$ cat data02.cif   # mmCIF, C-alpha atoms
data_structure
loop_
_atom_site.label_atom_id
_atom_site.label_comp_id
_atom_site.auth_asym_id
_atom_site.auth_seq_id
_atom_site.Cartn_x
_atom_site.Cartn_y
_atom_site.Cartn_z
CA ILE J 1 -3.43 -20.56 -53.22
CA ARG J 2 -5.98 -23.22 -54.13
CA THR J 3 -4.84 -25.41 -51.22
CA LEU J 4 -4.50 -22.58 -48.70
CA ALA J 5 -7.63 -23.63 -46.76
CA THR J 6 -6.14 -27.08 -46.12
CA HIS J 7 -3.41 -25.59 -43.92
CA THR J 8 -3.56 -24.30 -40.36
CA LEU J 9 -4.65 -20.70 -39.91
CA GLU J 10 -1.18 -19.81 -38.64
CA HIS J 11 0.40 -21.14 -41.84
CA GLN J 12 -2.26 -19.43 -43.95
CA ILE J 13 -1.58 -16.02 -42.39
CA LEU J 14 2.18 -16.46 -42.80
CA PHE J 15 1.66 -17.17 -46.50
CA VAL J 16 -0.84 -14.32 -46.88
CA LEU J 17 1.40 -11.71 -45.24
CA LEU J 18 4.35 -12.77 -47.40
CA ALA J 19 2.27 -12.77 -50.59
CA MET J 20 0.40 -9.53 -49.91
CA HIS J 21 3.39 -7.46 -48.83
CA GLY J 22 6.42 -9.11 -50.43
CA THR J 23 8.14 -9.04 -47.05
CA ARG J 24 11.19 -11.05 -46.13
CA ILE J 25 10.54 -14.22 -44.13
CA GLY J 26 12.76 -13.05 -41.25
CA GLU J 27 10.94 -9.72 -41.00
CA THR J 28 7.52 -11.35 -41.18
CA VAL J 29 8.14 -14.06 -38.62
CA LYS J 30 9.32 -11.46 -36.06
CA ALA J 31 6.09 -9.45 -36.35
CA LYS J 32 4.43 -8.48 -33.09
CA TRP J 33 0.81 -7.46 -32.73
CA GLU J 34 1.96 -4.04 -31.53
CA ASP J 35 3.56 -3.49 -34.97
CA PHE J 36 0.10 -3.38 -36.58
CA ASP J 37 -1.90 -0.16 -36.39
CA PHE J 38 -5.42 -0.94 -37.53
CA LYS J 39 -6.60 2.62 -37.03
CA GLU J 40 -3.92 4.10 -39.32
CA LYS J 41 -3.89 0.93 -41.45
CA LEU J 42 -0.11 0.47 -41.16
CA TRP J 43 2.38 -2.26 -40.42
CA ARG J 44 5.42 -0.72 -38.75
CA LEU J 45 8.51 -2.90 -38.98
CA PRO J 46 11.09 -1.62 -36.49
CA ALA J 47 14.63 -1.04 -37.74
CA ASP J 48 16.05 -3.81 -35.56
CA LYS J 49 13.81 -6.34 -37.34
CA THR J 50 14.69 -5.42 -40.93
CA LYS J 51 17.58 -6.55 -43.09
CA THR J 52 18.35 -2.93 -44.03
CA LYS J 53 18.36 -1.86 -40.35
CA LYS J 54 15.91 0.92 -41.30
CA ALA J 55 12.36 1.11 -40.03
CA HIS J 56 9.89 0.09 -42.70
CA LEU J 57 6.28 1.21 -43.06
CA LEU J 58 3.76 -0.84 -45.03
CA PRO J 59 0.14 0.10 -45.67
CA LEU J 60 -2.46 -2.47 -44.66
CA THR J 61 -5.22 -3.16 -47.14
CA LYS J 62 -8.76 -4.15 -46.18
CA GLN J 63 -7.87 -7.74 -47.10
CA ALA J 64 -4.80 -7.75 -44.83
CA ILE J 65 -6.79 -6.26 -41.96
CA SER J 66 -9.52 -8.89 -42.37
CA TRP J 67 -6.98 -11.72 -42.28
CA LEU J 68 -5.16 -10.23 -39.30
CA ARG J 69 -8.35 -9.70 -37.27
CA LEU J 70 -9.48 -13.26 -37.99
CA TYR J 71 -6.09 -14.59 -36.94
CA ARG J 72 -5.97 -12.46 -33.80
CA LYS J 73 -9.30 -13.90 -32.61
CA TYR J 74 -8.06 -17.40 -33.32
CA GLN J 75 -4.72 -16.82 -31.60
CA LEU J 76 -6.31 -15.35 -28.47
CA LYS J 77 -8.38 -18.53 -28.08
CA GLN J 78 -5.16 -20.56 -28.18
CA GLY J 79 -3.34 -18.37 -25.64
CA LYS J 80 -1.90 -14.89 -25.69
CA SER J 81 1.39 -14.00 -27.39
CA ALA J 82 2.97 -10.72 -28.43
CA TYR J 83 4.12 -12.47 -31.63
CA LEU J 84 1.99 -13.50 -34.56
CA PHE J 85 4.25 -16.51 -35.06
CA HIS J 86 5.44 -17.70 -31.66
CA GLN J 87 7.38 -20.85 -30.95
CA LYS J 88 5.26 -23.87 -30.20
CA ASN J 89 6.53 -24.30 -26.65
CA ASN J 90 7.41 -20.70 -25.83
CA ARG J 91 4.92 -17.92 -26.58
CA ARG J 92 7.49 -15.31 -25.54
CA LYS J 93 9.71 -16.03 -28.57
CA HIS J 94 9.01 -15.86 -32.29
CA LYS J 95 9.57 -18.75 -34.66
CA SER J 96 12.93 -18.72 -36.37
CA PRO J 97 13.15 -17.69 -40.04
CA ASN J 98 14.26 -21.26 -40.80
CA GLN J 99 11.15 -22.70 -39.13
CA ALA J 100 8.96 -20.31 -41.11
CA SER J 101 10.79 -21.09 -44.35
CA SER J 102 10.17 -24.78 -43.74
CA ILE J 103 6.46 -24.10 -43.30
CA ILE J 104 6.26 -22.29 -46.63
CA THR J 105 8.36 -24.89 -48.43
CA SER J 106 6.10 -27.61 -47.05
CA MET J 107 2.98 -25.72 -48.13
CA ALA J 108 4.51 -25.49 -51.61
CA ASN J 109 5.33 -29.22 -51.75
CA LYS J 110 8.99 -28.17 -52.11
CA GLN J 111 8.22 -26.50 -55.45
CA TRP J 112 9.07 -22.95 -54.31
CA SER J 113 10.26 -20.99 -51.28
CA ALA J 114 9.29 -17.97 -49.21
CA HIS J 115 11.75 -15.89 -51.23
CA ASP J 116 9.99 -17.02 -54.40
CA LEU J 117 6.81 -15.39 -53.03
CA ARG J 118 8.76 -12.14 -52.73
CA LYS J 119 10.03 -12.46 -56.30
CA PHE J 120 6.54 -13.38 -57.51
CA SER J 121 5.10 -10.25 -55.88
CA ARG J 122 7.78 -8.03 -57.40
CA SER J 123 7.31 -9.50 -60.88
CA TYR J 124 3.55 -9.14 -60.86
CA TRP J 125 3.71 -5.63 -59.47
CA MET J 126 5.52 -4.73 -62.67
CA GLU J 127 2.87 -6.58 -64.72
CA LEU J 128 0.18 -4.56 -62.93
CA GLY J 129 1.93 -1.30 -63.79
CA ILE J 130 3.13 -0.50 -60.28
CA ASP J 131 5.89 2.11 -60.43
CA TYR J 132 9.44 0.77 -60.11
CA MET J 133 10.36 3.01 -57.17
CA VAL J 134 7.11 2.27 -55.35
CA ALA J 135 7.88 -1.45 -55.65
CA GLU J 136 11.39 -0.83 -54.32
CA PHE J 137 9.94 1.06 -51.35
CA LEU J 138 7.49 -1.77 -50.68
CA LEU J 139 10.29 -4.36 -50.76
CA ASN J 140 12.40 -2.16 -48.47
CA HIS J 141 15.34 -2.35 -50.85
CA THR J 142 18.24 -0.05 -50.14
CA LEU J 143 18.22 2.83 -52.59
CA ASN J 144 21.36 3.76 -54.49
CA LYS J 145 23.23 6.91 -53.37
CA LEU J 146 21.66 9.17 -56.00
CA ASP J 147 18.12 8.01 -55.19
CA GLN J 148 18.81 8.39 -51.47
CA THR J 149 19.94 11.97 -52.08
CA TYR J 150 17.00 13.06 -54.22
CA ILE J 151 14.07 10.97 -53.07
CA GLN J 152 13.01 12.30 -49.69
CA THR J 153 9.63 10.64 -49.36
CA LEU J 154 8.19 7.32 -48.29
CA ALA J 155 5.61 7.58 -51.08
CA LEU J 156 3.07 6.14 -48.66
CA PRO J 157 -0.05 7.09 -50.67
CA ASN J 158 1.47 5.49 -53.78
CA CYS J 159 2.45 2.40 -51.79
CA ARG J 160 -1.08 2.14 -50.39
CA SER J 161 -2.57 2.38 -53.90
CA ALA J 162 -0.14 -0.24 -55.19
CA LEU J 163 -0.97 -2.72 -52.43
CA THR J 164 -4.69 -2.09 -52.92
CA VAL J 165 -4.36 -2.99 -56.61
CA TRP J 166 -2.17 -6.00 -55.76
CA CYS J 167 -4.46 -7.39 -53.05
CA SER J 168 -7.49 -6.99 -55.28
CA TRP J 169 -5.65 -8.93 -57.99
CA LEU J 170 -4.71 -11.66 -55.48
CA GLU J 171 -8.27 -11.86 -54.23
CA GLN J 172 -9.53 -12.56 -57.75
#

$ encode --input "data02.cif" --output "structure tokens"
Amino acid sequence: IRTLATHTLEHQILFVLLAMHGTRIGETVKAKWEDFDFKEKLWRLPADKTKTKKAHLLPLTKQAISWLRLYRKYQLKQGKSAYLFHQKNNRRKHKSPNQASSIITSMANKQWSAHDLRKFSRSYWMELGIDYMVAEFLLNHTLNKLDQTYIQTLALPNCRSALTVWCSWLEQ
């Protein structure tokens, strides 16, 4: 985090989205601008872009929105793309998960990976007192059969509160 400003804005936003939301690298790198609803403060990950093949809804915090707006202005100056993380020579395609993983590993001086960011988020959510099920919803983990049967909510207000606490902690 201390060296974040020494990296390109594209690499910074990749790191920030992974750290703030605990998303998978493959889901993050496929993000399109149309997936972000700044009015409703939501990131909608379509089912075809998730590992679980189920649509995933993530609240956007004020910090995430600030980063995304800054990046959008920057990206528009470079040339338009539907993707946040487009290929260098083809703006109509997103970077591959392997390319994005290499970026994160390079930023980390090969000390940790993109998946380690996900594990870090999950571990600290517990330290911050974020409810187990809320964390599982945020990570888009598949629920066991019993939980699937009895839990019929997305717990969106609880997820929003959890990410607000988390992003405030990260900001400090």

$ residues_around --input "data02.cif" --residues "Ala114 (chain J)" --least-positions-apart "4" --cutoff "12 Å" --atoms "all atoms listed in the file" --output "PyMOL selection string"
chain J and resi 11+14-19+22-29+97-108+110+118-121

$ atom_distance --input "data02.cif" --atom1 "CA of Ser81 (chain J)" --atom2 "CA of Ile13 (chain J)"
15.4 Å

$ atom_distance --input "data02.cif" --atom1 "CA of Glu40 (chain J)" --atom2 "CA of Glu171 (chain J)"
22.3 Å

$ atom_distance --input "data02.cif" --atom1 "CA of Leu117 (chain J)" --atom2 "CA of Gln78 (chain J)"
28.1 Å

$ axis_aligned_box --input "data02.cif" --around "region 120-135 of chain J" --padding-each-side "5 Å" --output "AutoDock Vina command-line options"
--center_x 5.3 --center_y -5.2 --center_z -60.0 --size_x 20.2 --size_y 26.4 --size_z 19.4

$ closest_residue --input "data02.cif" --among "J:His56, J:Lys88, J:Lys77, J:Lys32" --to "Asn140 (chain J)" --atoms "all atoms listed in the file"
J:His56

$ resolve_selection --input "data02.cif" --expression "the PyMOL selection byres ((chain J and resi 39) around 12)" --output "count of residues only"
12

$ residues_near_point --input "data02.cif" --point "(1.8, -18.8, -29.7)" --cutoff "10 Å" --atoms "only C-alpha atoms" --output "list in words"
Glu10, Gln75, Leu76, Gln78, Gly79, Lys80, Ser81, Ala82, Tyr83, Leu84, Phe85, His86, Gln87, Lys88, Asn89, Asn90, Arg91, Arg92, Lys93, His94 and Lys95 of chain J

$ resolve_selection --input "data02.cif" --expression "the PyMOL selection byres ((chain J and resi 153-166) around 8)" --output "number ranges by chain"
J: 20-21, 58-61, 125, 128, 130, 134-135, 137-138, 151-152, 167-170

$ closest_residue --input "data02.cif" --among "J:Thr3, J:Asp35, J:Pro46, J:Thr52" --to "Leu68 (chain J)" --atoms "only C-alpha atoms"
J:Asp35

$ build_atoms --input "data02.cif" --residues "region 98-133 of chain J" --atoms "N, CA and C atoms" --output "PDB file, in the coordinates of the input"
ATOM      1  N   ASN J  98      14.130 -19.922 -40.219  1.00  0.00           N
ATOM      2  CA  ASN J  98      14.260 -21.260 -40.800  1.00  0.00           C
ATOM      3  C   ASN J  98      12.994 -22.085 -40.584  1.00  0.00           C
ATOM      4  N   GLN J  99      12.400 -21.984 -39.393  1.00  0.00           N
ATOM      5  CA  GLN J  99      11.150 -22.700 -39.130  1.00  0.00           C
ATOM      6  C   GLN J  99      10.057 -22.205 -40.080  1.00  0.00           C
ATOM      7  N   ALA J 100       9.979 -20.892 -40.235  1.00  0.00           N
ATOM      8  CA  ALA J 100       8.960 -20.310 -41.110  1.00  0.00           C
ATOM      9  C   ALA J 100       9.207 -20.687 -42.566  1.00  0.00           C
ATOM     10  N   SER J 101      10.454 -20.681 -42.979  1.00  0.00           N
ATOM     11  CA  SER J 101      10.790 -21.090 -44.350  1.00  0.00           C
ATOM     12  C   SER J 101      10.369 -22.533 -44.602  1.00  0.00           C
ATOM     13  N   SER J 102      10.572 -23.381 -43.615  1.00  0.00           N
ATOM     14  CA  SER J 102      10.170 -24.780 -43.740  1.00  0.00           C
ATOM     15  C   SER J 102       8.660 -24.918 -43.898  1.00  0.00           C
ATOM     16  N   ILE J 103       7.926 -24.088 -43.188  1.00  0.00           N
ATOM     17  CA  ILE J 103       6.460 -24.100 -43.300  1.00  0.00           C
ATOM     18  C   ILE J 103       6.049 -23.780 -44.730  1.00  0.00           C
ATOM     19  N   ILE J 104       6.614 -22.713 -45.273  1.00  0.00           N
ATOM     20  CA  ILE J 104       6.260 -22.290 -46.630  1.00  0.00           C
ATOM     21  C   ILE J 104       6.685 -23.340 -47.658  1.00  0.00           C
ATOM     22  N   THR J 105       7.878 -23.864 -47.507  1.00  0.00           N
ATOM     23  CA  THR J 105       8.360 -24.890 -48.430  1.00  0.00           C
ATOM     24  C   THR J 105       7.459 -26.124 -48.384  1.00  0.00           C
ATOM     25  N   SER J 106       7.017 -26.485 -47.197  1.00  0.00           N
ATOM     26  CA  SER J 106       6.100 -27.610 -47.050  1.00  0.00           C
ATOM     27  C   SER J 106       4.754 -27.317 -47.702  1.00  0.00           C
ATOM     28  N   MET J 107       4.239 -26.115 -47.501  1.00  0.00           N
ATOM     29  CA  MET J 107       2.980 -25.720 -48.130  1.00  0.00           C
ATOM     30  C   MET J 107       3.081 -25.800 -49.649  1.00  0.00           C
ATOM     31  N   ALA J 108       4.268 -25.527 -50.163  1.00  0.00           N
ATOM     32  CA  ALA J 108       4.510 -25.490 -51.610  1.00  0.00           C
ATOM     33  C   ALA J 108       4.944 -26.848 -52.162  1.00  0.00           C
ATOM     34  N   ASN J 109       4.876 -27.893 -51.327  1.00  0.00           N
ATOM     35  CA  ASN J 109       5.330 -29.220 -51.750  1.00  0.00           C
ATOM     36  C   ASN J 109       6.748 -29.162 -52.336  1.00  0.00           C
ATOM     37  N   LYS J 110       7.579 -28.320 -51.729  1.00  0.00           N
ATOM     38  CA  LYS J 110       8.990 -28.170 -52.110  1.00  0.00           C
ATOM     39  C   LYS J 110       9.182 -27.654 -53.541  1.00  0.00           C
ATOM     40  N   GLN J 111       8.145 -27.028 -54.089  1.00  0.00           N
ATOM     41  CA  GLN J 111       8.220 -26.500 -55.450  1.00  0.00           C
ATOM     42  C   GLN J 111       8.741 -25.061 -55.490  1.00  0.00           C
ATOM     43  N   TRP J 112       8.593 -24.326 -54.381  1.00  0.00           N
ATOM     44  CA  TRP J 112       9.070 -22.950 -54.310  1.00  0.00           C
ATOM     45  C   TRP J 112       9.271 -22.575 -52.851  1.00  0.00           C
ATOM     46  N   SER J 113       9.885 -21.412 -52.628  1.00  0.00           N
ATOM     47  CA  SER J 113      10.260 -20.990 -51.280  1.00  0.00           C
ATOM     48  C   SER J 113       9.581 -19.674 -50.896  1.00  0.00           C
ATOM     49  N   ALA J 114       9.802 -19.259 -49.673  1.00  0.00           N
ATOM     50  CA  ALA J 114       9.290 -17.970 -49.210  1.00  0.00           C
ATOM     51  C   ALA J 114       9.873 -16.834 -50.053  1.00  0.00           C
ATOM     52  N   HIS J 115      11.133 -16.943 -50.408  1.00  0.00           N
ATOM     53  CA  HIS J 115      11.750 -15.890 -51.230  1.00  0.00           C
ATOM     54  C   HIS J 115      11.125 -15.859 -52.620  1.00  0.00           C
ATOM     55  N   ASP J 116      10.678 -16.998 -53.111  1.00  0.00           N
ATOM     56  CA  ASP J 116       9.990 -17.020 -54.400  1.00  0.00           C
ATOM     57  C   ASP J 116       8.675 -16.234 -54.339  1.00  0.00           C
ATOM     58  N   LEU J 117       8.020 -16.222 -53.189  1.00  0.00           N
ATOM     59  CA  LEU J 117       6.810 -15.390 -53.030  1.00  0.00           C
ATOM     60  C   LEU J 117       7.160 -13.914 -53.188  1.00  0.00           C
ATOM     61  N   ARG J 118       8.283 -13.525 -52.620  1.00  0.00           N
ATOM     62  CA  ARG J 118       8.760 -12.140 -52.730  1.00  0.00           C
ATOM     63  C   ARG J 118       9.052 -11.786 -54.192  1.00  0.00           C
ATOM     64  N   LYS J 119       9.723 -12.687 -54.886  1.00  0.00           N
ATOM     65  CA  LYS J 119      10.030 -12.460 -56.300  1.00  0.00           C
ATOM     66  C   LYS J 119       8.756 -12.449 -57.143  1.00  0.00           C
ATOM     67  N   PHE J 120       7.823 -13.335 -56.811  1.00  0.00           N
ATOM     68  CA  PHE J 120       6.540 -13.380 -57.510  1.00  0.00           C
ATOM     69  C   PHE J 120       5.810 -12.040 -57.356  1.00  0.00           C
ATOM     70  N   SER J 121       5.754 -11.535 -56.127  1.00  0.00           N
ATOM     71  CA  SER J 121       5.100 -10.250 -55.880  1.00  0.00           C
ATOM     72  C   SER J 121       5.739  -9.158 -56.723  1.00  0.00           C
ATOM     73  N   ARG J 122       7.065  -9.074 -56.667  1.00  0.00           N
ATOM     74  CA  ARG J 122       7.780  -8.030 -57.400  1.00  0.00           C
ATOM     75  C   ARG J 122       7.518  -8.119 -58.900  1.00  0.00           C
ATOM     76  N   SER J 123       7.537  -9.311 -59.440  1.00  0.00           N
ATOM     77  CA  SER J 123       7.310  -9.500 -60.880  1.00  0.00           C
ATOM     78  C   SER J 123       5.901  -9.077 -61.279  1.00  0.00           C
ATOM     79  N   TYR J 124       4.921  -9.486 -60.500  1.00  0.00           N
ATOM     80  CA  TYR J 124       3.550  -9.140 -60.860  1.00  0.00           C
ATOM     81  C   TYR J 124       3.217  -7.683 -60.587  1.00  0.00           C
ATOM     82  N   TRP J 125       3.908  -7.069 -59.647  1.00  0.00           N
ATOM     83  CA  TRP J 125       3.710  -5.630 -59.470  1.00  0.00           C
ATOM     84  C   TRP J 125       4.065  -4.907 -60.761  1.00  0.00           C
ATOM     85  N   MET J 126       5.130  -5.345 -61.399  1.00  0.00           N
ATOM     86  CA  MET J 126       5.520  -4.730 -62.670  1.00  0.00           C
ATOM     87  C   MET J 126       4.437  -5.000 -63.717  1.00  0.00           C
ATOM     88  N   GLU J 127       3.926  -6.230 -63.766  1.00  0.00           N
ATOM     89  CA  GLU J 127       2.870  -6.580 -64.720  1.00  0.00           C
ATOM     90  C   GLU J 127       1.618  -5.724 -64.505  1.00  0.00           C
ATOM     91  N   LEU J 128       1.365  -5.370 -63.259  1.00  0.00           N
ATOM     92  CA  LEU J 128       0.180  -4.560 -62.930  1.00  0.00           C
ATOM     93  C   LEU J 128       0.425  -3.067 -63.108  1.00  0.00           C
ATOM     94  N   GLY J 129       1.628  -2.701 -63.535  1.00  0.00           N
ATOM     95  CA  GLY J 129       1.930  -1.300 -63.790  1.00  0.00           C
ATOM     96  C   GLY J 129       2.330  -0.502 -62.560  1.00  0.00           C
ATOM     97  N   ILE J 130       2.697  -1.189 -61.497  1.00  0.00           N
ATOM     98  CA  ILE J 130       3.130  -0.500 -60.280  1.00  0.00           C
ATOM     99  C   ILE J 130       4.510   0.092 -60.526  1.00  0.00           C
ATOM    100  N   ASP J 131       4.654   1.366 -60.212  1.00  0.00           N
ATOM    101  CA  ASP J 131       5.890   2.110 -60.430  1.00  0.00           C
ATOM    102  C   ASP J 131       7.095   1.396 -59.813  1.00  0.00           C
ATOM    103  N   TYR J 132       8.208   1.429 -60.537  1.00  0.00           N
ATOM    104  CA  TYR J 132       9.440   0.770 -60.110  1.00  0.00           C
ATOM    105  C   TYR J 132       9.861   1.209 -58.699  1.00  0.00           C
ATOM    106  N   MET J 133       9.898   2.510 -58.473  1.00  0.00           N
ATOM    107  CA  MET J 133      10.360   3.010 -57.170  1.00  0.00           C
ATOM    108  C   MET J 133       9.381   2.654 -56.052  1.00  0.00           C
TER     109      MET J 133
END
